[in-house]
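Right, one structure below, let's go through it.
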Amino acid sequence: MRKQQIGDATLYLADAFDIMPTLGQVDSIITDPPYDAKTHANARSLKARQLVSAIDFDCFTEEQFIEFCANAVALARRWVVMSCAWQHVAGLEKAGVPLVRFGIWHKPNGAPQFTGDRPGTGWEAIAILHRQGRKHWNGGGHHAVWVCNIEQGEHPTQKPLKLLLDWIAKFTDEGETVLDPFMGSGTTGVACLKLGRKFIGIEKREDYFDIARWRIDDAQGRAISLSPPTPRSR
Ligand SMILES: C[S@@+](CC[C@H](N)C(=O)[O-])C[C@H]1O[C@@H](n2cnc3c(N)ncnc32)[C@H](O)[C@@H]1O
């Protein structure tokens with residue numbers, strides 16, 4: 001386990017399931033956990049297979065997803081927002097985990113259907129949860145639909161900074177603390193620091209942790225090298 005403080009960001013190189021029970025309450029949890037085992041396992045095209053071999057973390061089962069969501073709602077004072085497998089969302093309501101809205105991230109530049117024998121997907125599911133009680137967000141009457149292109153990064157499933165900036169701006173307020181227990185290359189952290197939020201990030205792979213550290217340094221004008229480290233070859 002390694003813990004590093006960079007300005008308003010606290011980063012852990014550790015397993016999220018070891019660290020989360022040791023944290024006090026946070027304001028919100030905004031994250032992109034390992035999911036989508038089914039899509040990856042079914043990959044047929046060369047490009048999709050290369051992506052699968054790049055993703056070497058285990059993906060959540062439905063039971064793990066529901067348990068994680070229940071724990072996250074208990075830990076967060078406000079919102080829990082995360083990308084997830086759509087197949088797992090219905091189970092939340094059955095398990096009594098307070099799902100507020102099922103949202104969509106539409107990716108206009110998403111991969112086409114390489115087999116050409118059916119429509120492509122082009123979107124990812126977003127679970128938006130909140131403990132019982134009064135809620136507020138900064139999105140007014142907006143729909144839970146985000147249209148945003150995929151951006152290439154150092155991490156195989158790096159989320160677009162534009163998407164995370166919008167989530168942080170809409171679901172959290174300045175000065176609040178946001179936790180991302182599966183931070184990968186730290187996109188949530190970069191968005192938090194750019195918008196004046198405090199950030200706690202956890203990542204178990206050292207090479208991704210080092211990229212996140214570089215990006216978070218860079219967001220605060222402190223990076224000492226010009227480009228981020230490269231992830232280890234897989
Ligand atoms: C989908 S990726 C997150 C990518 C991130 N949103 C970004 O923009 O770079 C999920 C990350 O969770 C990490 N991870 C998986 N299981 C973990 C665990 N138990 N504790 C901490 N990190 C974990 C993986 O190594 C991976 O980097």
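Letters A, B, ... go to the chains of the structure tokens in the order shown; residues in each chain start at 1; ligands are counted from 1 in the same order.
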Protein and nucleic acid residues within 9 Å of ligand 1 (only C-alpha atoms and all ligand atoms) as an NGL selection string:
:A and (12-19 or 31-35 or 55-60 or 83 or 153-161 or 164 or 180-188 or 201-206 or 208-209 or 211-212)
Can you pull out every residue within 7 Å of region 65-73 of chain A, counting only C-alpha atoms, but drop anything in the same chain fewer than 5 positions away, and send it as a PyMOL selection string?
chain A and resi 60+80+92+97+130-131
Put those residues in a file: all heavy atoms, as a compact mmCIF listing (two decimals), in the first residue's frame.
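Writing done, so here's selection35.txt:
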```
# COMPACT_ATOMS: atom_id res chain seq x y z
N PHE A 60 -16.58 -6.97 -12.53
CA PHE A 60 -17.60 -7.25 -11.52
C PHE A 60 -18.60 -8.30 -11.99
O PHE A 60 -19.08 -8.23 -13.14
CB PHE A 60 -18.42 -5.98 -11.27
CG PHE A 60 -17.86 -5.03 -10.25
CD1 PHE A 60 -18.51 -3.81 -10.02
CD2 PHE A 60 -16.74 -5.31 -9.51
CE1 PHE A 60 -18.04 -2.90 -9.08
CE2 PHE A 60 -16.25 -4.42 -8.58
CZ PHE A 60 -16.90 -3.21 -8.37
N VAL A 80 -23.81 8.86 -5.95
CA VAL A 80 -22.91 7.79 -6.43
C VAL A 80 -23.22 7.65 -7.92
O VAL A 80 -24.36 7.34 -8.30
CB VAL A 80 -23.17 6.46 -5.70
CG1 VAL A 80 -22.31 5.35 -6.30
CG2 VAL A 80 -22.92 6.60 -4.20
N LEU A 92 -30.37 -3.84 -9.04
CA LEU A 92 -30.26 -2.87 -7.95
C LEU A 92 -31.61 -2.66 -7.28
O LEU A 92 -31.72 -2.65 -6.05
CB LEU A 92 -29.76 -1.53 -8.48
CG LEU A 92 -28.30 -1.45 -8.91
CD1 LEU A 92 -28.01 -0.12 -9.57
CD2 LEU A 92 -27.38 -1.67 -7.72
N VAL A 97 -31.37 -1.29 -3.50
CA VAL A 97 -30.33 -0.25 -3.54
C VAL A 97 -30.94 0.95 -4.30
O VAL A 97 -31.50 0.76 -5.38
CB VAL A 97 -29.05 -0.75 -4.26
CG1 VAL A 97 -27.98 0.31 -4.26
CG2 VAL A 97 -28.54 -2.03 -3.59
N HIS A 130 -28.45 7.49 -4.96
CA HIS A 130 -28.39 8.48 -3.87
C HIS A 130 -29.10 7.86 -2.67
O HIS A 130 -30.15 7.25 -2.84
CB HIS A 130 -29.09 9.77 -4.30
CG HIS A 130 -28.81 10.96 -3.44
ND1 HIS A 130 -29.23 11.05 -2.13
CD2 HIS A 130 -28.17 12.12 -3.72
CE1 HIS A 130 -28.85 12.23 -1.63
NE2 HIS A 130 -28.20 12.89 -2.58
N ARG A 131 -28.54 8.05 -1.48
CA ARG A 131 -29.22 7.55 -0.28
C ARG A 131 -30.60 8.20 -0.15
O ARG A 131 -30.87 9.23 -0.78
CB ARG A 131 -28.38 7.83 0.96
CG ARG A 131 -28.13 9.30 1.19
CD ARG A 131 -27.47 9.58 2.52
NE ARG A 131 -26.19 8.89 2.65
CZ ARG A 131 -25.75 8.36 3.80
NH1 ARG A 131 -26.48 8.43 4.89
NH2 ARG A 131 -24.58 7.76 3.85
```
Mind the document's chain letters and residue numbers, and return as an NGL selection string the residues of region 67-208 of chain A that DSSP labels strand (DSSP E).
:A and (79-84 or 99-106 or 123-130 or 145-147 or 177-180 or 198-203)
Would you put the residues from that selection into a file with C-alpha atoms, as a PDB file, in the first residue's frame?
```
ATOM      1  CA  TRP A  79     -24.390  11.066  -5.238  1.00  0.00           C
ATOM      2  CA  VAL A  80     -22.914   7.792  -6.425  1.00  0.00           C
ATOM      3  CA  VAL A  81     -22.437   7.904 -10.202  1.00  0.00           C
ATOM      4  CA  MET A  82     -20.785   5.115 -12.159  1.00  0.00           C
ATOM      5  CA  SER A  83     -20.520   3.467 -15.523  1.00  0.00           C
ATOM      6  CA  CYS A  84     -21.729  -0.116 -15.377  1.00  0.00           C
ATOM      7  CA  LEU A  99     -31.210   3.795  -7.995  1.00  0.00           C
ATOM      8  CA  VAL A 100     -32.363   7.324  -8.889  1.00  0.00           C
ATOM      9  CA  ARG A 101     -31.829   7.170 -12.642  1.00  0.00           C
ATOM     10  CA  PHE A 102     -30.425   4.865 -15.314  1.00  0.00           C
ATOM     11  CA  GLY A 103     -28.372   7.135 -17.576  1.00  0.00           C
ATOM     12  CA  ILE A 104     -26.619   6.770 -20.912  1.00  0.00           C
ATOM     13  CA  TRP A 105     -23.283   7.894 -22.276  1.00  0.00           C
ATOM     14  CA  HIS A 106     -23.656   8.043 -26.089  1.00  0.00           C
ATOM     15  CA  TRP A 123     -23.345   3.789 -25.624  1.00  0.00           C
ATOM     16  CA  GLU A 124     -22.587   2.804 -22.046  1.00  0.00           C
ATOM     17  CA  ALA A 125     -24.903   2.533 -19.070  1.00  0.00           C
ATOM     18  CA  ILE A 126     -24.624   4.922 -16.132  1.00  0.00           C
ATOM     19  CA  ALA A 127     -26.045   4.090 -12.705  1.00  0.00           C
ATOM     20  CA  ILE A 128     -27.000   7.180 -10.669  1.00  0.00           C
ATOM     21  CA  LEU A 129     -27.709   6.447  -6.994  1.00  0.00           C
ATOM     22  CA  HIS A 130     -28.392   8.475  -3.867  1.00  0.00           C
ATOM     23  CA  VAL A 145     -27.947  11.449 -21.347  1.00  0.00           C
ATOM     24  CA  TRP A 146     -24.387  12.484 -22.120  1.00  0.00           C
ATOM     25  CA  VAL A 147     -23.094  12.729 -25.694  1.00  0.00           C
ATOM     26  CA  THR A 177     -14.672  15.537  -1.539  1.00  0.00           C
ATOM     27  CA  VAL A 178     -15.116  13.006  -4.341  1.00  0.00           C
ATOM     28  CA  LEU A 179     -13.923   9.387  -4.143  1.00  0.00           C
ATOM     29  CA  ASP A 180     -12.997   7.278  -7.185  1.00  0.00           C
ATOM     30  CA  LYS A 198     -10.993  17.505  -3.225  1.00  0.00           C
ATOM     31  CA  PHE A 199     -10.211  14.032  -4.553  1.00  0.00           C
ATOM     32  CA  ILE A 200      -9.499  10.592  -3.097  1.00  0.00           C
ATOM     33  CA  GLY A 201      -8.393   8.017  -5.672  1.00  0.00           C
ATOM     34  CA  ILE A 202      -7.557   4.325  -5.326  1.00  0.00           C
ATOM     35  CA  GLU A 203      -5.871   2.140  -7.958  1.00  0.00           C
TER      36      GLU A 203
END
```
Length of the CA of Lys107 (chain A) to CA of Ile150 (chain A) vector [Å]
6.3 Å
Which of A:Gly24, A:Arg78, A:Gln152, A:Arg232 sits closest to Asp173 (chain A) [using only C-alpha atoms]:
A:Arg78
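Using only C-alpha atoms, the nearest neighbour of Trp167 (chain A) within the list A:Asn138, A:Thr22, A:Gln132, A:Thr115 is A:Asn138.
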